[in-house]
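Trainee: Attaching a single structure in structure tokens format; questions to follow.
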Amino acid sequence: MPAADPEVGLRNMTNQNTEPRKRLLALDTSTAVLGVAVTENGELLHEINASGERNHSVHLLPIIEQALQATGTTAAMLGGISVGVGPGSYTGTRIAVTAAKTLAWAWDVPVVGISSLHAVAWGGYQTALKNNVMTKAPEQTTENNSYGPDWIIPLMDARRGQVYTGLFAAEGNHAPSRLEPDAIRLMADWVEYLAERLGQASVEGNKPAVLWFVGETEVHGSAESLRPLKDLGISIAVPYEMEGRWTGFLGEARLQVGKDDIHSLIPNYTQISEAEANLRLSREGGLKKL
């Protein structure tokens, strides 16, 4: 018996109009983990997070179909699609964004782009709390000091001493609020900037009790990398891999205030790729031939 074609199965969902649309399909392929989740009203119904050699283009559609079948979800039941738009792997991010746009058009559902770093920040922080990474935190107020929300710094390796990163303030079990935009930064410069910002926050009386570095921390979250922050407070590095659910939860909130235009939704690369840079130089006559 021939194997089922996942693309055919997904297309056949288009005409199944049986229930109100309220579920959300979430996708993210910006890292080495392929994350797919189905959420509904802040609850996780099913999730598949597959680690691999970044061959996400081969596995994405079958995993989507698997998640939808596991939850009995048809296109008519979907209230939208949430997709991680990076920053992260150039090729990987494009895979999920292209799939999300194609499915949103075929199923006539809204699509929203979500910061992959925002998802990592929320997921990494919640994982740290769940695992009791730090059992004793400073009191929120003391005689000489008061603390603001913890800071969450998601990290994705961008090579050559660089990271894709941002800065967020913890909001308990709710989605972290953004303090700095997503960008690619030299880790050394980023840590120095955080040290300066910590000093200012201390003066203003809202210094965070803890800085949580989450994500790809094996290199960039080392004690040596974070040395400039050593005497300024508590910094904790938490290794964390992307989970699709957080893209879904962020997508649910985003859909409450609007959707993205399906045609203009694009990955957030934060910088042009080396190939694009060479092409631009070539067009400008600046690329030397060897």
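Residues are referred to by chain and number: the chain letter is A, B, ... according to the order shown in the structure tokens, the number counts from 1 in that chain, and ligands are numbered separately from 1 in the order shown.
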May I have a table of the residues of segment 61-98 of chain A lying at most 10 Å from segment 235-258 of chain A, giving each one's closest pair of atoms and their distance in Å to one decimal, counting only C-alpha atoms, ordered by chain and ascending residue number, as a tab-separated table?

Mentor:
residue	atom	partner	partner_atom	distance
A:Gly79	CA	A:Leu255	CA	8.7
A:Gly80	CA	A:Leu255	CA	7.7
A:Ile81	CA	A:Gly251	CA	7.5
A:Ser82	CA	A:Gly251	CA	5.0
A:Val83	CA	A:Thr247	CA	6.8
A:Gly84	CA	A:Thr247	CA	6.4
A:Val85	CA	A:Thr247	CA	10.0

Trainee: For His263 of chain A, find every residue with an atom within 12 Å (counting only C-alpha atoms), except residues of its own chain fewer than 6 positions away, and show them as number ranges by chain.

Mentor: A: 97-98, 100-102, 104-105, 110-113

Trainee: Do a neighbour search on segment 184-192 of chain A at 9 Å with only C-alpha atoms, toss out local chain neighbours closer than 5 positions, and write the hits as a list in words.

Mentor: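 Residues near the query, excluding close chain neighbours: Pro87, Ala158, Arg160, Gly161, Gln162, Val163, Tyr164, Thr165, Gly166, Arg197, His220, Ser225, Leu226, Arg227, Pro228, Leu229, Tyr269, Thr270 and Gln271 of chain A.
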
Trainee: Could you give me, as a PyMOL selection string, each residue of segment 46-208 of chain A that DSSP assigns to helix (DSSP H, G or I) when run on this structure's backbone?

Mentor: chain A and resi 56-70+75-77+90-107+116-130+187-204

Trainee: Quote the spacing between atom CA of Thr217 of chain A and atom CA of Gly123 of chain A in Å to one decimal place.

Mentor: 14.2 Å

Trainee: What separation in Å, quoted to one decimal, exists between atom CA of Ala75 of chain A and atom CA of Ser89 of chain A?

Mentor: 28.6 Å

Trainee: If you run DSSP on the backbone, which residues of segment 26-197 of chain A are strand (DSSP E or B), as a VMD selection string?

Mentor: chain A and resid 26 to 28 33 to 40 43 to 51 78 to 84 111 to 114 141 146 to 148 151 to 159 162 to 171 174 to 186
